[in-house]
Amino acid sequence: MTITQDSVVLLHYTLKDDAGEVIDSTSSGEPLAYLHGHGNLVPGLERALAGKSAGDKLSVKISPADGYGEFDKGLIQRVPRRALKGIKSIDVGMRLHAQTEQGPQAVTVTQIVGDMVTLDANHPLAGKNLNFDIEITEVRAATEEELEHGHVHGPGDHHH
Ligand code: ZN
């Protein structure tokens, strides 16, 4: 069967940046399992996978707009260190959950100058092209429960 709305898809992927550096890969472990058409993957990747079937291999380059979004300078904020209560040591590169005006947000510490900490709420891959090499290993219909939950159960399920 081919990948359409509500298909459960298992695939192996390697994700590289434009310099060819591997960002992420399933090659040494279990394939990724996702429910097609539920926003589980970035939009450009779901679009590239639609209509493909088990055994298909593809290489796809996804622009930021179809990936993790453009880099937004408005998502960078500087806060005094004392605003980050309960976090003992803060280092550049750390990912943490900060309480912001928009609620709790995953942020990256990008700079520390004196008592001021710069927090970047952009996705780490925002503004980057995503270069995927993909091999589809299985395509099956979703169960009722999977459709209700909007994600895959069984191997590759990290939601429960
Ligand atoms: Zn579930």
# chains A, B, ... in the order shown; residues from 1 in each chain; ligands from 1
>>> residues_near_ligand(ligand="ligand 1", cutoff="8 Å", atoms="only C-alpha atoms and all ligand atoms", output="ChimeraX atom specification")
/A:145-146,148-153,159-160
>>> residues_around(residues="A:Asp17", least_positions_apart="6", cutoff="8 Å", atoms="only C-alpha atoms", output="mmCIF file with C-alpha atoms, in the first residue's frame")
data_model
loop_
_atom_site.group_PDB
_atom_site.id
_atom_site.type_symbol
_atom_site.label_atom_id
_atom_site.label_comp_id
_atom_site.auth_asym_id
_atom_site.auth_seq_id
_atom_site.Cartn_x
_atom_site.Cartn_y
_atom_site.Cartn_z
ATOM 1 C CA ILE A 23 22.344 15.875 12.495
ATOM 2 C CA LYS A 128 18.238 25.418 8.125
ATOM 3 C CA ASN A 129 17.707 23.316 5.032
ATOM 4 C CA LEU A 130 16.985 19.705 5.959
ATOM 5 C CA ASN A 131 18.575 17.049 3.735
#
>>> select_by_dssp(residues="chain A", states="alpha helix (DSSP H)", output="list of chain:residue names")
A:Pro43, A:Gly44, A:Leu45, A:Glu46, A:Arg47, A:Ala48, A:Leu49, A:Glu144, A:Glu145, A:Glu146, A:Leu147, A:Glu148, A:His149
>>> closest_residue(among="A:Ala33, A:Asp56, A:Gly67, A:Arg78", to="A:Gly114", atoms="only C-alpha atoms")
A:Arg78
>>> closest_residue(among="A:Met1, A:Leu45, A:Leu75, A:Leu35", to="A:Ile62", atoms="only C-alpha atoms")
A:Leu45
>>> atom_distance(atom1="atom CA of A:Val42", atom2="atom CA of A:Thr110")
24.5 Å
>>> atom_distance(atom1="atom CA of A:Ala142", atom2="atom CA of A:Lys16")
29.4 Å
>>> residues_around(residues="A:Glu135", least_positions_apart="3", cutoff="9 Å", atoms="only C-alpha atoms", output="PyMOL selection string")
chain A and resi 10-13+54-59
>>> atom_distance(atom1="atom CA of A:Ala141", atom2="atom CA of A:Tyr68")
27.2 Å
>>> closest_residue(among="A:Gly37, A:Pro104, A:Pro31, A:Pro64", to="A:Asp18", atoms="only C-alpha atoms")
A:Pro64
>>> closest_residue(among="A:Val9, A:Leu125, A:Ala98, A:Ala83", to="A:Lys52", atoms="only C-alpha atoms")
A:Val9
>>> select_by_dssp(residues="chain A", states="strand (DSSP E or B)", output="PyMOL selection string")
chain A and resi 2+7-16+22-25+32-35+53+57-62+76-80+95-100+103-113+116-120+130-141
>>> closest_residue(among="A:His36, A:Val113, A:Leu119, A:Lys61", to="A:Gly20", atoms="only C-alpha atoms")
A:Lys61
>>> closest_residue(among="A:Met94, A:Ile76, A:Ile136, A:Ala65", to="A:Ala121", atoms="only C-alpha atoms")
A:Ile76
